[in-house]
Amino acid sequence: MAKYRKLSRTSDQRKALLRSQVTSLLYHGKIVTTESKAKEIRKIAEGLIAMAVRERDNFETVTVTAKVARKDADGKRVKEVVDGKKKTVYDEVQKEIKKDAPSRLHARRQMMKVFYPVTEVPTKNAGKKKNTKQVDMVKKMFDEVAPKYANRNGGYTRIVKIGPRKGDAAMEVLIELV
């Protein structure tokens, strides 16, 4: 008996499809797809959410001193002349950073293997490249999704049947985060 569905695709096409749909599910919260794809997506998504829940508090906060370039009102670096050469002026700033434990770092890298990059486009600039920003899906998993499911033991997704698809009559379902 097979451990997964082949979905009538070669292995690289199947992996790409599942990665794409898992990324969409965890970014949007729900997607519409066929029943067999949803059951495969569920396996991957629940594993990632469980990993995020397990490692959500596994870090320490560290204060570090960093050199940051001083900037003027226009946002350009301030330069001063030293020995006939222009040098950038730096200020020392204290910053709080999260230092991952080794197991959380491993979980982060495992998630990065699955997620595709997500670009968020503001609604007023739809169709334009200006003011777009990359969404850090791993950070979203640890900061938003994991705390939501902290007191839950599995069962993070729900599959709801919608009905047969027009055209090929494949059973369509809505897979969503609970």
# chains A, B, ... in the order shown; residues from 1 in each chain; ligands from 1
>>> select_by_dssp(residues="range 95-175 of chain A", states="alpha helix (DSSP H)", output="list in words")
Pro102, Ser103, Arg104, Leu105, His106, Ala107, Arg108, Arg109, Gln110, Met111, Met112, Lys113, Val114, Met137, Val138, Lys139, Lys140, Ala146, Pro147 and Lys148 of chain A
>>> select_by_dssp(residues="range 2-139 of chain A", states="strand (DSSP E)", output="PyMOL selection string")
chain A and resi 30-34+59-69+79-82+85-88+90-100+118-120+133-135
>>> residues_around(residues="Tyr4 in chain A", least_positions_apart="3", cutoff="10 Å", atoms="only C-alpha atoms", output="VMD selection string")
chain A and resid 1 7 36 39 to 40 43
>>> residues_around(residues="Ile44 in chain A", least_positions_apart="5", cutoff="12 Å", atoms="only C-alpha atoms", output="list in words")
Tyr4, Lys15, Leu18, Arg19, Ser20, Gln21, Val22, Thr23, Leu25, Leu26, Lys37, Ala38, Lys39, Ile49, Ala50, Met51, Gln110, Met111, Lys113, Val114, Phe115, Tyr156 and Thr157 of chain A
>>> closest_atom_pairs(of="range 81-111 of chain A", to="range 118-142 of chain A", cutoff="12 Å", atoms="only C-alpha atoms", output="JSON lines")
{"residue": "A:Lys98", "atom": "CA", "partner": "A:Lys139", "partner_atom": "CA", "distance": 11.5}
{"residue": "A:Asp100", "atom": "CA", "partner": "A:Phe142", "partner_atom": "CA", "distance": 11.6}
{"residue": "A:Arg104", "atom": "CA", "partner": "A:Phe142", "partner_atom": "CA", "distance": 9.8}
{"residue": "A:Leu105", "atom": "CA", "partner": "A:Val138", "partner_atom": "CA", "distance": 10.7}
{"residue": "A:His106", "atom": "CA", "partner": "A:Val138", "partner_atom": "CA", "distance": 11.8}
{"residue": "A:Ala107", "atom": "CA", "partner": "A:Val138", "partner_atom": "CA", "distance": 9.3}
{"residue": "A:Arg108", "atom": "CA", "partner": "A:Val138", "partner_atom": "CA", "distance": 6.4}
{"residue": "A:Arg109", "atom": "CA", "partner": "A:Val138", "partner_atom": "CA", "distance": 8.8}
{"residue": "A:Gln110", "atom": "CA", "partner": "A:Val138", "partner_atom": "CA", "distance": 9.7}
{"residue": "A:Met111", "atom": "CA", "partner": "A:Val138", "partner_atom": "CA", "distance": 6.5}
>>> atom_distance(atom1="CA of Arg158 in chain A", atom2="CA of Tyr27 in chain A")
15.6 Å
>>> closest_residue(among="A:Lys166, A:Tyr90, A:Val160, A:Gly47", to="Ala66 in chain A", atoms="only C-alpha atoms")
A:Tyr90
>>> atom_distance(atom1="CA of Val93 in chain A", atom2="CA of Thr61 in chain A")
16.1 Å
>>> residues_around(residues="Leu174 in chain A", least_positions_apart="6", cutoff="6 Å", atoms="only C-alpha atoms", output="mmCIF file with all heavy atoms, in the first residue's frame")
data_model
loop_
_atom_site.group_PDB
_atom_site.id
_atom_site.type_symbol
_atom_site.label_atom_id
_atom_site.label_comp_id
_atom_site.auth_asym_id
_atom_site.auth_seq_id
_atom_site.Cartn_x
_atom_site.Cartn_y
_atom_site.Cartn_z
ATOM 1 N N ILE A 31 -8.190 27.181 1.301
ATOM 2 C CA ILE A 31 -8.117 27.087 -0.151
ATOM 3 C C ILE A 31 -9.138 26.065 -0.635
ATOM 4 O O ILE A 31 -9.579 25.207 0.132
ATOM 5 C CB ILE A 31 -6.709 26.708 -0.673
ATOM 6 C CG1 ILE A 31 -6.247 25.375 -0.087
ATOM 7 C CG2 ILE A 31 -5.704 27.793 -0.412
ATOM 8 C CD1 ILE A 31 -4.964 24.854 -0.707
ATOM 9 N N VAL A 32 -9.516 26.145 -1.894
ATOM 10 C CA VAL A 32 -10.421 25.181 -2.513
ATOM 11 C C VAL A 32 -9.601 24.320 -3.462
ATOM 12 O O VAL A 32 -8.858 24.848 -4.304
ATOM 13 C CB VAL A 32 -11.557 25.892 -3.289
ATOM 14 C CG1 VAL A 32 -12.421 24.888 -4.017
ATOM 15 C CG2 VAL A 32 -12.389 26.725 -2.338
ATOM 16 N N ILE A 159 -11.464 19.658 6.516
ATOM 17 C CA ILE A 159 -11.818 19.482 5.111
ATOM 18 C C ILE A 159 -13.340 19.425 5.012
ATOM 19 O O ILE A 159 -13.974 18.587 5.642
ATOM 20 C CB ILE A 159 -11.187 18.208 4.524
ATOM 21 C CG1 ILE A 159 -9.662 18.332 4.520
ATOM 22 C CG2 ILE A 159 -11.703 17.956 3.122
ATOM 23 C CD1 ILE A 159 -8.928 17.121 4.015
ATOM 24 N N VAL A 160 -13.923 20.346 4.230
ATOM 25 C CA VAL A 160 -15.371 20.420 4.050
ATOM 26 C C VAL A 160 -15.676 20.181 2.569
ATOM 27 O O VAL A 160 -15.148 20.892 1.710
ATOM 28 C CB VAL A 160 -15.915 21.809 4.466
ATOM 29 C CG1 VAL A 160 -17.415 21.872 4.269
ATOM 30 C CG2 VAL A 160 -15.535 22.127 5.892
#
>>> atom_distance(atom1="CA of Lys71 in chain A", atom2="CA of Ile97 in chain A")
22.5 Å
>>> residues_around(residues="Thr63 in chain A", least_positions_apart="4", cutoff="8 Å", atoms="only C-alpha atoms", output="VMD selection string")
chain A and resid 94 to 97
>>> closest_residue(among="A:Ser24, A:Lys30, A:Thr65, A:Glu35", to="Arg5 in chain A", atoms="only C-alpha atoms")
A:Glu35
>>> closest_residue(among="A:Ile162, A:Ala101, A:Val68, A:Ala146", to="Val89 in chain A", atoms="only C-alpha atoms")
A:Val68
>>> closest_residue(among="A:Lys148, A:Arg42, A:Lys3, A:Lys99", to="Ile175 in chain A", atoms="only C-alpha atoms")
A:Arg42
>>> decode(residues="range 21-54 of chain A", atoms="N, CA, C and O atoms", output="JSON list (two decimals), in the first residue's frame")
[["chain", "number", "residue", "atom", "x", "y", "z"],
["A", 21, "GLN", "N", 0.51, 24.63, -2.65],
["A", 21, "GLN", "CA", -0.79, 24.63, -1.99],
["A", 21, "GLN", "C", -0.66, 24.73, -0.47],
["A", 21, "GLN", "O", -1.49, 25.37, 0.17],
["A", 22, "VAL", "N", 0.38, 24.14, 0.11],
["A", 22, "VAL", "CA", 0.60, 24.27, 1.56],
["A", 22, "VAL", "C", 0.93, 25.72, 1.90],
["A", 22, "VAL", "O", 0.42, 26.27, 2.88],
["A", 23, "THR", "N", 1.78, 26.35, 1.08],
["A", 23, "THR", "CA", 2.11, 27.76, 1.31],
["A", 23, "THR", "C", 0.85, 28.63, 1.23],
["A", 23, "THR", "O", 0.63, 29.48, 2.09],
["A", 24, "SER", "N", 0.00, 28.39, 0.23],
["A", 24, "SER", "CA", -1.24, 29.16, 0.09],
["A", 24, "SER", "C", -2.18, 28.93, 1.26],
["A", 24, "SER", "O", -2.80, 29.86, 1.77],
["A", 25, "LEU", "N", -2.30, 27.68, 1.69],
["A", 25, "LEU", "CA", -3.17, 27.35, 2.82],
["A", 25, "LEU", "C", -2.74, 28.08, 4.08],
["A", 25, "LEU", "O", -3.56, 28.69, 4.77],
["A", 26, "LEU", "N", -1.45, 28.05, 4.39],
["A", 26, "LEU", "CA", -0.97, 28.67, 5.62],
["A", 26, "LEU", "C", -0.91, 30.19, 5.53],
["A", 26, "LEU", "O", -0.97, 30.87, 6.54],
["A", 27, "TYR", "N", -0.84, 30.74, 4.32],
["A", 27, "TYR", "CA", -0.84, 32.19, 4.16],
["A", 27, "TYR", "C", -2.27, 32.74, 4.22],
["A", 27, "TYR", "O", -2.55, 33.69, 4.94],
["A", 28, "HIS", "N", -3.20, 32.11, 3.45],
["A", 28, "HIS", "CA", -4.57, 32.61, 3.37],
["A", 28, "HIS", "C", -5.50, 32.03, 4.43],
["A", 28, "HIS", "O", -6.53, 32.62, 4.73],
["A", 29, "GLY", "N", -5.19, 30.85, 4.96],
["A", 29, "GLY", "CA", -6.04, 30.24, 5.96],
["A", 29, "GLY", "C", -7.01, 29.22, 5.39],
["A", 29, "GLY", "O", -7.50, 28.36, 6.10],
["A", 30, "LYS", "N", -7.31, 29.29, 4.09],
["A", 30, "LYS", "CA", -8.18, 28.30, 3.45],
["A", 30, "LYS", "C", -7.97, 28.35, 1.95],
["A", 30, "LYS", "O", -7.63, 29.38, 1.39],
["A", 31, "ILE", "N", -8.19, 27.18, 1.30],
["A", 31, "ILE", "CA", -8.12, 27.09, -0.15],
["A", 31, "ILE", "C", -9.14, 26.07, -0.64],
["A", 31, "ILE", "O", -9.58, 25.21, 0.13],
["A", 32, "VAL", "N", -9.52, 26.14, -1.89],
["A", 32, "VAL", "CA", -10.42, 25.18, -2.51],
["A", 32, "VAL", "C", -9.60, 24.32, -3.46],
["A", 32, "VAL", "O", -8.86, 24.85, -4.30],
["A", 33, "THR", "N", -9.72, 23.00, -3.33],
["A", 33, "THR", "CA", -8.97, 22.07, -4.17],
["A", 33, "THR", "C", -9.73, 20.75, -4.24],
["A", 33, "THR", "O", -10.83, 20.65, -3.71],
["A", 34, "THR", "N", -9.15, 19.76, -4.89],
["A", 34, "THR", "CA", -9.81, 18.46, -4.95],
["A", 34, "THR", "C", -9.58, 17.68, -3.66],
["A", 34, "THR", "O", -8.66, 17.99, -2.90],
["A", 35, "GLU", "N", -10.38, 16.68, -3.44],
["A", 35, "GLU", "CA", -10.33, 15.92, -2.18],
["A", 35, "GLU", "C", -9.01, 15.21, -1.98],
["A", 35, "GLU", "O", -8.42, 15.25, -0.90],
["A", 36, "SER", "N", -8.50, 14.56, -3.01],
["A", 36, "SER", "CA", -7.25, 13.82, -2.86],
["A", 36, "SER", "C", -6.06, 14.74, -2.61],
["A", 36, "SER", "O", -5.18, 14.44, -1.80],
["A", 37, "LYS", "N", -6.04, 15.91, -3.28],
["A", 37, "LYS", "CA", -4.98, 16.88, -3.03],
["A", 37, "LYS", "C", -5.07, 17.42, -1.61],
["A", 37, "LYS", "O", -4.06, 17.59, -0.92],
["A", 38, "ALA", "N", -6.28, 17.67, -1.15],
["A", 38, "ALA", "CA", -6.49, 18.21, 0.20],
["A", 38, "ALA", "C", -5.98, 17.25, 1.27],
["A", 38, "ALA", "O", -5.39, 17.67, 2.26],
["A", 39, "LYS", "N", -6.18, 15.95, 1.06],
["A", 39, "LYS", "CA", -5.72, 14.97, 2.04],
["A", 39, "LYS", "C", -4.20, 14.92, 2.09],
["A", 39, "LYS", "O", -3.62, 14.70, 3.16],
["A", 40, "GLU", "N", -3.53, 15.14, 0.97],
["A", 40, "GLU", "CA", -2.07, 15.18, 0.95],
["A", 40, "GLU", "C", -1.56, 16.48, 1.57],
["A", 40, "GLU", "O", -0.58, 16.48, 2.30],
["A", 41, "ILE", "N", -2.24, 17.59, 1.27],
["A", 41, "ILE", "CA", -1.86, 18.89, 1.83],
["A", 41, "ILE", "C", -1.98, 18.86, 3.35],
["A", 41, "ILE", "O", -1.14, 19.40, 4.07],
["A", 42, "ARG", "N", -3.05, 18.22, 3.83],
["A", 42, "ARG", "CA", -3.30, 18.14, 5.27],
["A", 42, "ARG", "C", -2.12, 17.51, 6.00],
["A", 42, "ARG", "O", -1.69, 18.01, 7.05],
["A", 43, "LYS", "N", -1.55, 16.44, 5.45],
["A", 43, "LYS", "CA", -0.42, 15.76, 6.09],
["A", 43, "LYS", "C", 0.76, 16.71, 6.29],
["A", 43, "LYS", "O", 1.35, 16.77, 7.37],
["A", 44, "ILE", "N", 1.08, 17.44, 5.24],
["A", 44, "ILE", "CA", 2.25, 18.33, 5.29],
["A", 44, "ILE", "C", 1.97, 19.52, 6.21],
["A", 44, "ILE", "O", 2.78, 19.87, 7.07],
["A", 45, "ALA", "N", 0.81, 20.15, 6.05],
["A", 45, "ALA", "CA", 0.47, 21.35, 6.83],
["A", 45, "ALA", "C", 0.40, 21.04, 8.32],
["A", 45, "ALA", "O", 0.91, 21.81, 9.14],
["A", 46, "GLU", "N", -0.22, 19.93, 8.68],
["A", 46, "GLU", "CA", -0.32, 19.59, 10.11],
["A", 46, "GLU", "C", 1.05, 19.31, 10.71],
["A", 46, "GLU", "O", 1.31, 19.67, 11.86],
["A", 47, "GLY", "N", 1.94, 18.71, 9.94],
["A", 47, "GLY", "CA", 3.30, 18.48, 10.42],
["A", 47, "GLY", "C", 4.04, 19.78, 10.68],
["A", 47, "GLY", "O", 4.73, 19.94, 11.69],
["A", 48, "LEU", "N", 3.88, 20.75, 9.76],
["A", 48, "LEU", "CA", 4.55, 22.05, 9.93],
["A", 48, "LEU", "C", 3.98, 22.81, 11.12],
["A", 48, "LEU", "O", 4.73, 23.44, 11.88],
["A", 49, "ILE", "N", 2.67, 22.79, 11.28],
["A", 49, "ILE", "CA", 2.05, 23.50, 12.41],
["A", 49, "ILE", "C", 2.48, 22.86, 13.72],
["A", 49, "ILE", "O", 2.81, 23.57, 14.68],
["A", 50, "ALA", "N", 2.52, 21.53, 13.77],
["A", 50, "ALA", "CA", 2.96, 20.84, 14.99],
["A", 50, "ALA", "C", 4.39, 21.20, 15.33],
["A", 50, "ALA", "O", 4.74, 21.41, 16.50],
["A", 51, "MET", "N", 5.25, 21.30, 14.31],
["A", 51, "MET", "CA", 6.64, 21.69, 14.52],
["A", 51, "MET", "C", 6.73, 23.11, 15.07],
["A", 51, "MET", "O", 7.50, 23.38, 16.00],
["A", 52, "ALA", "N", 5.92, 24.01, 14.53],
["A", 52, "ALA", "CA", 5.92, 25.40, 15.00],
["A", 52, "ALA", "C", 5.42, 25.49, 16.44],
["A", 52, "ALA", "O", 5.96, 26.26, 17.25],
["A", 53, "VAL", "N", 4.39, 24.73, 16.78],
["A", 53, "VAL", "CA", 3.85, 24.74, 18.15],
["A", 53, "VAL", "C", 4.89, 24.21, 19.13],
["A", 53, "VAL", "O", 5.09, 24.76, 20.21],
["A", 54, "ARG", "N", 5.58, 23.16, 18.73],
["A", 54, "ARG", "CA", 6.58, 22.54, 19.59],
["A", 54, "ARG", "C", 7.75, 23.48, 19.88],
["A", 54, "ARG", "O", 8.29, 23.51, 20.98]]
